[in-house]
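Visitor: Below: one structure in C-alpha coordinates.
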Amino acid sequence: MENMLLWLIFFTSGWTLVDGSEMEQDFMWHLRKIPRIVGERTFYLSSPTFEADARMVVNRVCGIECQKELPAPGLSELEDSLSYETVFENGTRTLTRVKVQGLVLEPTQNSTPKEAAVRRKRQVYGTDSRFSIMDKRFLTNFPFNTAVKLSTGCSGILISPNHVLTAAHCVHDGKDYVKGSKKLRVGLLKMRKKGGGKKRRVSKRSKREAEASDQREGTKVSLQERPTRRGRVELGRGQRVAEGKPSFQWTRVKNTYIPKGWTRGAGGDAALDYDYALLELKRAHKKKYMELGVSPAIKKMPGGMIHFSGFDNDRADQLVYRFCSVSDESSDLLYQYCDAESGSTGSGIYLRLKEPDKQHWKRKIIAVYSGHQLVDVHGVQKDYNVAVRITPLKYAQICLWIHGNDANCAYG
(Lines give C-alpha, C1' and ligand atoms only; values in the text may rest on other atoms or scores of the structure.)
Protein backbone atom coordinates (compact mmCIF):
# COMPACT_ATOMS: atom_id res chain seq x y z
CA MET A 1 0.00 0.00 0.00
CA GLU A 2 2.81 2.43 0.91
CA ASN A 3 4.62 1.58 -2.35
CA MET A 4 1.53 2.33 -4.40
CA LEU A 5 1.02 5.62 -2.53
CA LEU A 6 4.56 6.77 -3.34
CA TRP A 7 4.09 5.90 -7.02
CA LEU A 8 0.84 7.87 -7.16
CA ILE A 9 2.30 10.94 -5.47
CA PHE A 10 5.49 11.00 -7.54
CA PHE A 11 3.99 10.47 -10.98
CA THR A 12 0.40 11.72 -10.65
CA SER A 13 0.88 14.66 -8.31
CA GLY A 14 -2.12 16.50 -9.75
CA TRP A 15 -4.39 14.11 -7.86
CA THR A 16 -5.19 14.32 -4.17
CA LEU A 17 -7.27 12.25 -1.79
CA VAL A 18 -10.30 14.11 -0.46
CA ASP A 19 -12.69 12.32 1.91
CA GLY A 20 -11.35 8.98 0.69
CA SER A 21 -11.95 9.63 -3.00
CA GLU A 22 -9.65 10.80 -5.77
CA MET A 23 -10.35 14.02 -7.57
CA GLU A 24 -8.29 16.16 -9.90
CA GLN A 25 -7.48 19.66 -8.71
CA ASP A 26 -6.67 22.67 -10.84
CA PHE A 27 -3.09 23.05 -9.61
CA MET A 28 -1.27 25.33 -12.03
CA TRP A 29 1.81 27.50 -12.33
CA HIS A 30 0.43 31.03 -12.44
CA LEU A 31 2.85 33.47 -14.01
CA ARG A 32 2.98 36.77 -12.19
CA LYS A 33 4.82 40.02 -12.77
CA ILE A 34 8.02 40.03 -10.72
CA PRO A 35 9.48 43.13 -9.04
CA ARG A 36 12.73 44.40 -10.55
CA ILE A 37 15.99 44.19 -8.63
CA VAL A 38 18.60 46.47 -10.16
CA GLY A 39 22.26 46.64 -9.18
CA GLU A 40 23.08 50.19 -8.11
CA ARG A 41 26.71 50.26 -6.91
CA THR A 42 29.42 47.65 -6.36
CA PHE A 43 32.19 47.95 -3.77
CA TYR A 44 35.29 45.87 -3.18
CA LEU A 45 35.51 44.26 0.26
CA SER A 46 38.42 42.64 2.04
CA SER A 47 39.02 39.02 1.10
CA PRO A 48 37.35 36.43 3.36
CA THR A 49 39.47 34.34 5.73
CA PHE A 50 37.53 31.13 4.94
CA GLU A 51 37.92 29.90 8.53
CA ALA A 52 34.33 29.32 9.67
CA ASP A 53 32.74 25.93 10.32
CA ALA A 54 29.61 25.04 8.35
CA ARG A 55 26.73 25.84 10.70
CA MET A 56 23.45 24.09 10.09
CA VAL A 57 21.35 25.69 12.86
CA VAL A 58 20.49 29.33 13.55
CA ASN A 59 20.32 29.89 17.32
CA ARG A 60 16.73 31.11 17.38
CA VAL A 61 14.13 31.34 14.63
CA CYS A 62 11.25 33.79 14.60
CA GLY A 63 8.26 31.53 14.04
CA ILE A 64 4.66 32.06 12.91
CA GLU A 65 3.48 33.99 15.96
CA CYS A 66 6.68 36.02 16.10
CA GLN A 67 6.46 37.01 12.45
CA LYS A 68 2.85 38.11 12.84
CA GLU A 69 3.95 40.58 15.50
CA LEU A 70 6.77 42.02 13.42
CA PRO A 71 6.08 45.11 11.29
CA ALA A 72 6.30 44.57 7.55
CA PRO A 73 9.85 45.37 6.34
CA GLY A 74 10.20 48.73 4.65
CA LEU A 75 11.64 49.19 1.19
CA SER A 76 15.07 50.29 2.48
CA GLU A 77 15.29 47.24 4.76
CA LEU A 78 14.40 44.91 1.88
CA GLU A 79 16.97 46.56 -0.38
CA ASP A 80 19.63 46.17 2.31
CA SER A 81 18.83 42.45 2.79
CA LEU A 82 18.68 41.80 -0.96
CA SER A 83 22.02 43.50 -1.61
CA TYR A 84 24.55 40.74 -2.10
CA GLU A 85 28.13 39.62 -1.84
CA THR A 86 30.01 37.99 -4.70
CA VAL A 87 33.09 35.89 -3.97
CA PHE A 88 35.25 35.19 -7.00
CA GLU A 89 37.45 32.20 -7.72
CA ASN A 90 40.63 34.14 -6.86
CA GLY A 91 39.30 34.95 -3.37
CA THR A 92 38.32 38.57 -3.95
CA ARG A 93 34.94 39.79 -2.75
CA THR A 94 32.49 42.55 -3.68
CA LEU A 95 29.25 43.95 -2.26
CA THR A 96 26.53 45.08 -4.68
CA ARG A 97 23.85 47.45 -3.43
CA VAL A 98 20.48 47.03 -5.15
CA LYS A 99 17.28 48.95 -5.73
CA VAL A 100 13.85 47.30 -5.79
CA GLN A 101 11.37 48.58 -8.38
CA GLY A 102 7.74 47.67 -9.01
CA LEU A 103 7.20 46.06 -5.61
CA VAL A 104 3.58 45.48 -4.58
CA LEU A 105 3.38 44.57 -0.89
CA GLU A 106 1.15 41.55 -0.34
CA PRO A 107 -0.42 40.35 2.93
CA THR A 108 1.62 37.73 4.73
CA GLN A 109 0.75 34.10 4.06
CA ASN A 110 0.96 33.04 7.70
CA SER A 111 -1.51 30.33 8.57
CA THR A 112 -2.86 28.80 11.75
CA PRO A 113 -2.92 25.01 11.33
CA LYS A 114 -3.98 22.46 13.88
CA GLU A 115 -1.68 22.21 16.85
CA ALA A 116 1.21 19.78 16.60
CA ALA A 117 2.84 18.03 19.52
CA VAL A 118 6.17 19.37 20.74
CA ARG A 119 8.89 17.09 19.35
CA ARG A 120 12.35 16.13 20.48
CA LYS A 121 15.28 17.55 18.52
CA ARG A 122 15.71 15.21 15.57
CA GLN A 123 15.64 15.22 11.80
CA VAL A 124 13.99 11.83 11.16
CA TYR A 125 10.51 11.63 12.67
CA GLY A 126 9.13 8.20 13.57
CA THR A 127 9.42 5.67 10.73
CA ASP A 128 12.12 6.66 8.24
CA SER A 129 10.24 7.41 5.01
CA ARG A 130 13.25 8.23 2.82
CA PHE A 131 14.00 6.32 -0.40
CA SER A 132 17.50 5.69 -1.76
CA ILE A 133 17.54 6.03 -5.55
CA MET A 134 19.81 3.22 -6.70
CA ASP A 135 18.56 2.41 -10.20
CA LYS A 136 20.62 4.02 -12.99
CA ARG A 137 17.53 4.55 -15.14
CA PHE A 138 16.20 6.97 -12.52
CA LEU A 139 19.43 8.26 -10.98
CA THR A 140 20.82 9.65 -14.23
CA ASN A 141 17.53 11.07 -15.52
CA PHE A 142 15.31 14.01 -14.63
CA PRO A 143 14.42 15.01 -11.95
CA PHE A 144 16.95 13.04 -9.87
CA ASN A 145 19.92 14.03 -12.04
CA THR A 146 19.47 17.67 -10.99
CA ALA A 147 20.70 16.94 -7.45
CA VAL A 148 24.36 17.77 -6.78
CA LYS A 149 26.79 17.37 -3.88
CA LEU A 150 28.98 20.18 -2.53
CA SER A 151 32.55 19.65 -1.36
CA THR A 152 31.58 21.34 1.93
CA GLY A 153 29.20 18.45 2.67
CA CYS A 154 25.84 19.87 1.56
CA SER A 155 23.51 19.28 -1.36
CA GLY A 156 22.28 21.57 -4.12
CA ILE A 157 20.28 21.57 -7.34
CA LEU A 158 21.02 22.49 -10.96
CA ILE A 159 18.96 25.52 -12.06
CA SER A 160 20.76 26.43 -15.31
CA PRO A 161 23.61 25.04 -17.43
CA ASN A 162 26.02 27.06 -15.27
CA HIS A 163 24.37 27.49 -11.87
CA VAL A 164 23.57 25.58 -8.68
CA LEU A 165 21.15 26.73 -5.97
CA THR A 166 21.99 25.74 -2.39
CA ALA A 167 21.71 26.97 1.21
CA ALA A 168 23.83 29.96 2.25
CA HIS A 169 25.03 28.21 5.43
CA CYS A 170 26.75 25.63 3.23
CA VAL A 171 29.34 28.26 2.28
CA HIS A 172 28.94 30.99 4.96
CA ASP A 173 28.07 30.77 8.67
CA GLY A 174 26.62 34.29 8.88
CA LYS A 175 29.96 35.80 9.94
CA ASP A 176 32.55 34.39 7.55
CA TYR A 177 32.94 31.92 4.69
CA VAL A 178 33.36 28.29 5.73
CA LYS A 179 36.52 26.23 5.43
CA GLY A 180 36.84 24.71 1.98
CA SER A 181 34.57 27.25 0.27
CA LYS A 182 37.54 29.11 -1.28
CA LYS A 183 38.13 26.12 -3.54
CA LEU A 184 34.51 25.01 -3.60
CA ARG A 185 33.58 22.16 -5.93
CA VAL A 186 30.25 20.74 -7.08
CA GLY A 187 29.77 17.02 -7.74
CA LEU A 188 27.41 16.06 -10.57
CA LEU A 189 25.99 12.55 -10.55
CA LYS A 190 27.34 9.87 -12.81
CA MET A 191 27.39 6.08 -12.62
CA ARG A 192 30.24 3.63 -12.30
CA LYS A 193 30.15 -0.11 -12.54
CA LYS A 194 30.56 -2.19 -9.42
CA GLY A 195 34.23 -2.62 -8.62
CA GLY A 196 35.19 0.89 -9.73
CA GLY A 197 37.49 1.28 -12.70
CA LYS A 198 38.83 4.17 -14.71
CA LYS A 199 36.72 7.20 -15.44
CA ARG A 200 34.96 7.09 -18.76
CA ARG A 201 33.40 9.70 -20.96
CA VAL A 202 29.63 9.85 -21.25
CA SER A 203 28.54 7.39 -23.92
CA LYS A 204 26.31 8.19 -26.88
CA ARG A 205 23.78 5.77 -25.46
CA SER A 206 23.59 7.75 -22.20
CA LYS A 207 23.05 10.94 -24.16
CA ARG A 208 20.23 9.30 -26.13
CA GLU A 209 18.62 8.16 -22.86
CA ALA A 210 18.82 11.72 -21.49
CA GLU A 211 17.27 13.10 -24.69
CA ALA A 212 14.50 10.50 -24.50
CA SER A 213 13.87 11.55 -20.89
CA ASP A 214 13.55 15.18 -22.02
CA GLN A 215 10.97 14.17 -24.63
CA ARG A 216 8.95 12.30 -21.99
CA GLU A 217 8.69 15.32 -19.68
CA GLY A 218 5.05 16.23 -19.25
CA THR A 219 3.83 12.81 -20.44
CA LYS A 220 3.15 9.54 -18.72
CA VAL A 221 6.27 7.64 -17.70
CA SER A 222 6.82 4.60 -19.91
CA LEU A 223 8.64 2.61 -17.26
CA GLN A 224 6.65 1.29 -14.35
CA GLU A 225 8.39 2.33 -11.14
CA ARG A 226 7.87 1.00 -7.67
CA PRO A 227 9.78 1.57 -4.42
CA THR A 228 10.87 -1.50 -2.47
CA ARG A 229 10.50 -1.87 1.30
CA ARG A 230 14.22 -1.28 1.61
CA GLY A 231 13.71 2.23 0.30
CA ARG A 232 15.30 1.65 -3.10
CA VAL A 233 13.43 2.71 -6.20
CA GLU A 234 13.39 -0.17 -8.69
CA LEU A 235 11.61 -0.98 -11.91
CA GLY A 236 8.38 -2.94 -12.03
CA ARG A 237 7.93 -6.54 -13.04
CA GLY A 238 9.40 -7.50 -16.40
CA GLN A 239 12.03 -4.77 -16.35
CA ARG A 240 15.69 -5.43 -15.81
CA VAL A 241 17.32 -3.36 -13.06
CA ALA A 242 20.53 -1.56 -14.05
CA GLU A 243 22.19 -0.88 -10.73
CA GLY A 244 25.62 0.44 -9.84
CA LYS A 245 27.41 2.73 -7.45
CA PRO A 246 26.96 6.48 -7.99
CA SER A 247 30.02 8.66 -8.29
CA PHE A 248 30.57 12.33 -9.02
CA GLN A 249 32.08 14.46 -11.72
CA TRP A 250 33.55 17.38 -9.77
CA THR A 251 33.49 20.91 -11.16
CA ARG A 252 35.06 24.03 -9.65
CA VAL A 253 32.88 26.99 -8.64
CA LYS A 254 33.70 30.26 -10.39
CA ASN A 255 31.58 32.73 -8.39
CA THR A 256 29.44 32.54 -5.24
CA TYR A 257 26.47 34.87 -4.61
CA ILE A 258 24.94 35.33 -1.13
CA PRO A 259 22.29 37.86 0.01
CA LYS A 260 23.35 40.41 2.62
CA GLY A 261 20.39 39.28 4.71
CA TRP A 262 22.55 36.24 5.52
CA THR A 263 26.04 37.78 5.52
CA ARG A 264 25.41 40.46 8.13
CA GLY A 265 28.67 39.67 9.97
CA ALA A 266 29.24 41.54 13.22
CA GLY A 267 26.37 43.91 12.42
CA GLY A 268 23.69 41.37 13.27
CA ASP A 269 22.59 37.73 13.20
CA ALA A 270 22.08 35.87 9.95
CA ALA A 271 18.39 35.72 9.01
CA LEU A 272 17.06 32.26 8.18
CA ASP A 273 14.76 33.87 5.58
CA TYR A 274 17.89 34.47 3.48
CA ASP A 275 19.54 31.05 3.81
CA TYR A 276 20.11 30.56 0.07
CA ALA A 277 23.07 31.03 -2.27
CA LEU A 278 23.88 30.66 -5.96
CA LEU A 279 27.03 28.98 -7.26
CA GLU A 280 28.27 29.75 -10.77
CA LEU A 281 30.18 26.81 -12.23
CA LYS A 282 33.50 27.24 -13.98
CA ARG A 283 32.44 24.76 -16.65
CA ALA A 284 28.91 24.36 -18.02
CA HIS A 285 27.20 20.98 -17.74
CA LYS A 286 24.92 19.30 -20.29
CA LYS A 287 22.39 17.80 -17.91
CA LYS A 288 18.75 18.71 -17.76
CA TYR A 289 18.20 21.25 -14.98
CA MET A 290 15.13 22.37 -13.03
CA GLU A 291 13.71 25.86 -13.42
CA LEU A 292 12.85 28.25 -10.62
CA GLY A 293 9.25 28.94 -9.64
CA VAL A 294 7.57 31.22 -7.13
CA SER A 295 6.40 29.32 -4.06
CA PRO A 296 2.60 29.04 -3.87
CA ALA A 297 0.61 28.84 -0.63
CA ILE A 298 0.11 25.39 0.94
CA LYS A 299 -3.46 25.19 -0.35
CA LYS A 300 -2.12 25.55 -3.91
CA MET A 301 0.21 22.54 -3.53
CA PRO A 302 -1.20 19.15 -4.62
CA GLY A 303 -1.98 17.37 -1.37
CA GLY A 304 0.08 20.02 0.41
CA MET A 305 3.09 17.90 -0.60
CA ILE A 306 6.68 18.89 -1.34
CA HIS A 307 9.51 16.79 -2.79
CA PHE A 308 13.30 16.92 -2.64
CA SER A 309 16.41 14.78 -3.09
CA GLY A 310 19.82 15.15 -1.48
CA PHE A 311 22.87 13.34 -0.16
CA ASP A 312 22.12 12.51 3.48
CA ASN A 313 25.29 11.76 5.44
CA ASP A 314 23.90 8.58 7.01
CA ARG A 315 23.58 7.01 3.53
CA ALA A 316 27.04 7.45 2.06
CA ASP A 317 27.11 8.35 -1.65
CA GLN A 318 23.41 7.58 -2.08
CA LEU A 319 20.87 9.98 -3.49
CA VAL A 320 17.94 10.07 -1.08
CA TYR A 321 14.44 11.12 -2.18
CA ARG A 322 11.59 12.05 0.14
CA PHE A 323 8.19 13.73 0.09
CA CYS A 324 5.93 15.00 2.85
CA SER A 325 3.14 17.46 3.54
CA VAL A 326 3.89 20.97 4.72
CA SER A 327 2.74 21.51 8.32
CA ASP A 328 2.85 25.30 8.44
CA GLU A 329 4.02 28.32 6.49
CA SER A 330 5.04 31.94 6.81
CA SER A 331 5.71 34.47 4.07
CA ASP A 332 9.33 33.26 3.80
CA LEU A 333 9.49 29.76 5.31
CA LEU A 334 7.90 26.31 4.98
CA TYR A 335 7.72 24.22 8.16
CA GLN A 336 7.58 20.44 7.63
CA TYR A 337 8.55 17.04 8.98
CA CYS A 338 10.24 15.58 5.91
CA ASP A 339 12.75 12.98 7.10
CA ALA A 340 16.23 14.34 6.40
CA GLU A 341 19.72 14.11 7.86
CA SER A 342 22.69 16.46 7.64
CA GLY A 343 24.14 16.51 4.15
CA SER A 344 20.72 17.04 2.57
CA THR A 345 20.61 20.75 3.47
CA GLY A 346 20.78 22.94 0.39
CA SER A 347 18.55 20.58 -1.61
CA GLY A 348 16.01 22.15 -3.95
CA ILE A 349 12.39 21.58 -2.92
CA TYR A 350 10.07 21.24 -5.88
CA LEU A 351 6.47 20.83 -6.99
CA ARG A 352 4.93 19.42 -10.13
CA LEU A 353 2.07 21.59 -11.42
CA LYS A 354 0.27 22.20 -14.69
CA GLU A 355 1.64 24.67 -17.19
CA PRO A 356 -0.72 27.57 -18.05
CA ASP A 357 -1.82 25.79 -21.26
CA LYS A 358 -3.23 23.01 -19.00
CA GLN A 359 -1.73 20.35 -21.27
CA HIS A 360 1.59 19.59 -19.61
CA TRP A 361 2.93 19.20 -16.08
CA LYS A 362 6.22 20.74 -15.05
CA ARG A 363 8.46 20.53 -12.00
CA LYS A 364 9.89 23.76 -10.58
CA ILE A 365 11.94 24.63 -7.51
CA ILE A 366 9.93 26.60 -4.95
CA ALA A 367 12.21 26.47 -1.86
CA VAL A 368 15.65 25.55 -0.52
CA TYR A 369 15.93 23.05 2.33
CA SER A 370 17.65 24.80 5.23
CA GLY A 371 17.64 22.06 7.87
CA HIS A 372 16.46 21.39 11.39
CA GLN A 373 15.39 24.32 13.57
CA LEU A 374 13.70 24.98 16.89
CA VAL A 375 10.98 27.50 16.05
CA ASP A 376 8.73 29.65 18.23
CA VAL A 377 5.16 28.85 17.15
CA HIS A 378 2.13 30.16 19.05
CA GLY A 379 4.16 30.66 22.20
CA VAL A 380 5.68 27.16 22.18
CA GLN A 381 9.11 26.19 20.89
CA LYS A 382 8.62 23.41 18.35
CA ASP A 383 10.89 21.21 16.33
CA TYR A 384 10.71 21.50 12.54
CA ASN A 385 12.67 20.89 9.40
CA VAL A 386 12.56 24.26 7.64
CA ALA A 387 12.78 25.40 4.01
CA VAL A 388 13.29 28.90 2.62
CA ARG A 389 10.60 29.83 0.10
CA ILE A 390 11.32 31.35 -3.31
CA THR A 391 9.27 34.55 -3.02
CA PRO A 392 8.85 36.99 -5.94
CA LEU A 393 11.70 39.14 -4.59
CA LYS A 394 14.01 36.16 -4.13
CA TYR A 395 13.07 34.90 -7.60
CA ALA A 396 14.04 38.31 -9.01
CA GLN A 397 17.35 38.28 -7.13
CA ILE A 398 18.35 34.75 -8.16
CA CYS A 399 17.29 35.49 -11.74
CA LEU A 400 19.52 38.60 -11.69
CA TRP A 401 22.45 36.48 -10.47
CA ILE A 402 21.93 33.98 -13.28
CA HIS A 403 21.51 36.41 -16.19
CA GLY A 404 23.50 39.42 -15.00
CA ASN A 405 20.52 41.71 -15.70
CA ASP A 406 16.76 41.68 -15.15
CA ALA A 407 15.79 41.50 -18.83
CA ASN A 408 14.67 37.85 -18.52
CA CYS A 409 13.18 38.19 -15.05
CA ALA A 410 9.91 40.07 -15.67
CA TYR A 411 7.62 37.09 -14.95
CA GLY A 412 7.95 34.02 -12.73
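Simple scheme: letters A, B, ... for chains in C-alpha coordinates order, numbers from 1 for residues in each chain, numbers from 1 for ligands in the order shown.
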Would you mind listing what lies within 9 Å of Val368 in chain A as a VMD selection string, with only C-alpha atoms counted and same-chain residues fewer than 3 positions away left out?

Guide: chain A and resid 156 165 to 167 275 to 276 345 to 350 365 386 to 390

Visitor: Within 8 Å of Tyr335 in chain A, counting only C-alpha atoms, which residues show up once you throw out same-chain ones fewer than 6 positions away? Write them as a list in words, please.

Guide: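 The residues that qualify are Val326, Ser327, Asp328, Glu329, Tyr384, Asn385, Val386 and Ala387 of chain A.
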
Visitor: So which residues touch range 304-307 of chain A within 6 Å, counting only C-alpha atoms, skipping near sequence neighbours fewer than 3 positions away, as a PyMOL selection string?

Guide: chain A and resi 298+301+322-326+349-351

Visitor: Based on the selection just made, write N, CA, C and O atoms of those residues as a tab-separated table (two decimals), in the first residue's frame.

Guide:
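New file selection.tsv:
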```
chain	number	residue	atom	x	y	z
A	298	ILE	N	0.31	26.83	0.72
A	298	ILE	CA	0.11	25.39	0.94
A	298	ILE	C	-1.13	24.89	0.20
A	298	ILE	O	-1.12	23.82	-0.41
A	301	MET	N	-0.68	23.68	-3.28
A	301	MET	CA	0.21	22.54	-3.53
A	301	MET	C	-0.61	21.26	-3.56
A	301	MET	O	-1.42	21.04	-2.67
A	322	ARG	N	12.66	12.09	-0.85
A	322	ARG	CA	11.59	12.05	0.14
A	322	ARG	C	10.48	13.03	-0.28
A	322	ARG	O	10.71	13.94	-1.07
A	323	PHE	N	9.30	12.81	0.28
A	323	PHE	CA	8.19	13.73	0.09
A	323	PHE	C	7.41	13.78	1.39
A	323	PHE	O	7.42	12.83	2.19
A	324	CYS	N	6.75	14.89	1.64
A	324	CYS	CA	5.93	15.00	2.85
A	324	CYS	C	5.00	16.19	2.68
A	324	CYS	O	5.16	17.01	1.77
A	325	SER	N	4.03	16.31	3.56
A	325	SER	CA	3.14	17.46	3.54
A	325	SER	C	3.72	18.58	4.39
A	325	SER	O	4.43	18.33	5.36
A	326	VAL	N	3.43	19.80	3.98
A	326	VAL	CA	3.89	20.97	4.72
A	326	VAL	C	2.96	21.18	5.91
A	326	VAL	O	1.73	21.19	5.76
A	349	ILE	N	13.74	22.13	-3.14
A	349	ILE	CA	12.39	21.58	-2.92
A	349	ILE	C	11.53	21.96	-4.11
A	349	ILE	O	11.51	23.12	-4.54
A	350	TYR	N	10.81	20.98	-4.65
A	350	TYR	CA	10.07	21.24	-5.88
A	350	TYR	C	8.64	20.73	-5.83
A	350	TYR	O	8.27	19.90	-5.00
A	351	LEU	N	7.85	21.26	-6.77
A	351	LEU	CA	6.47	20.83	-6.99
A	351	LEU	C	6.32	20.47	-8.46
A	351	LEU	O	7.10	20.89	-9.31
```

Visitor: Find, counting only C-alpha atoms, the residue in A:Ser46, A:Cys170, A:Ala277, A:Leu400 that gets nearest to Ile258 in chain A.

Guide: A:Ala277

Visitor: Between CA of Thr391 in chain A and CA of Ser295 in chain A, what distance in Å does the model show, to one decimal?

Guide: 6.1 Å

Visitor: Hey, can you check how far CA of Pro48 in chain A sits from CA of Pro161 in chain A?

Guide: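 Taking CA of Pro48 in chain A as the start and CA of Pro161 in chain A as the end point, the length is 27.4 Å.
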
Visitor: Fewer than 4 positions away in the same chain doesn't count, so skip those; otherwise give me all residues within 9 Å of range 78-95 of chain A, counting only C-alpha atoms, as a PyMOL selection string.

Guide: chain A and resi 37+39+41-48+73-74+99-100+182-184+252-264+274+282+393-394+397
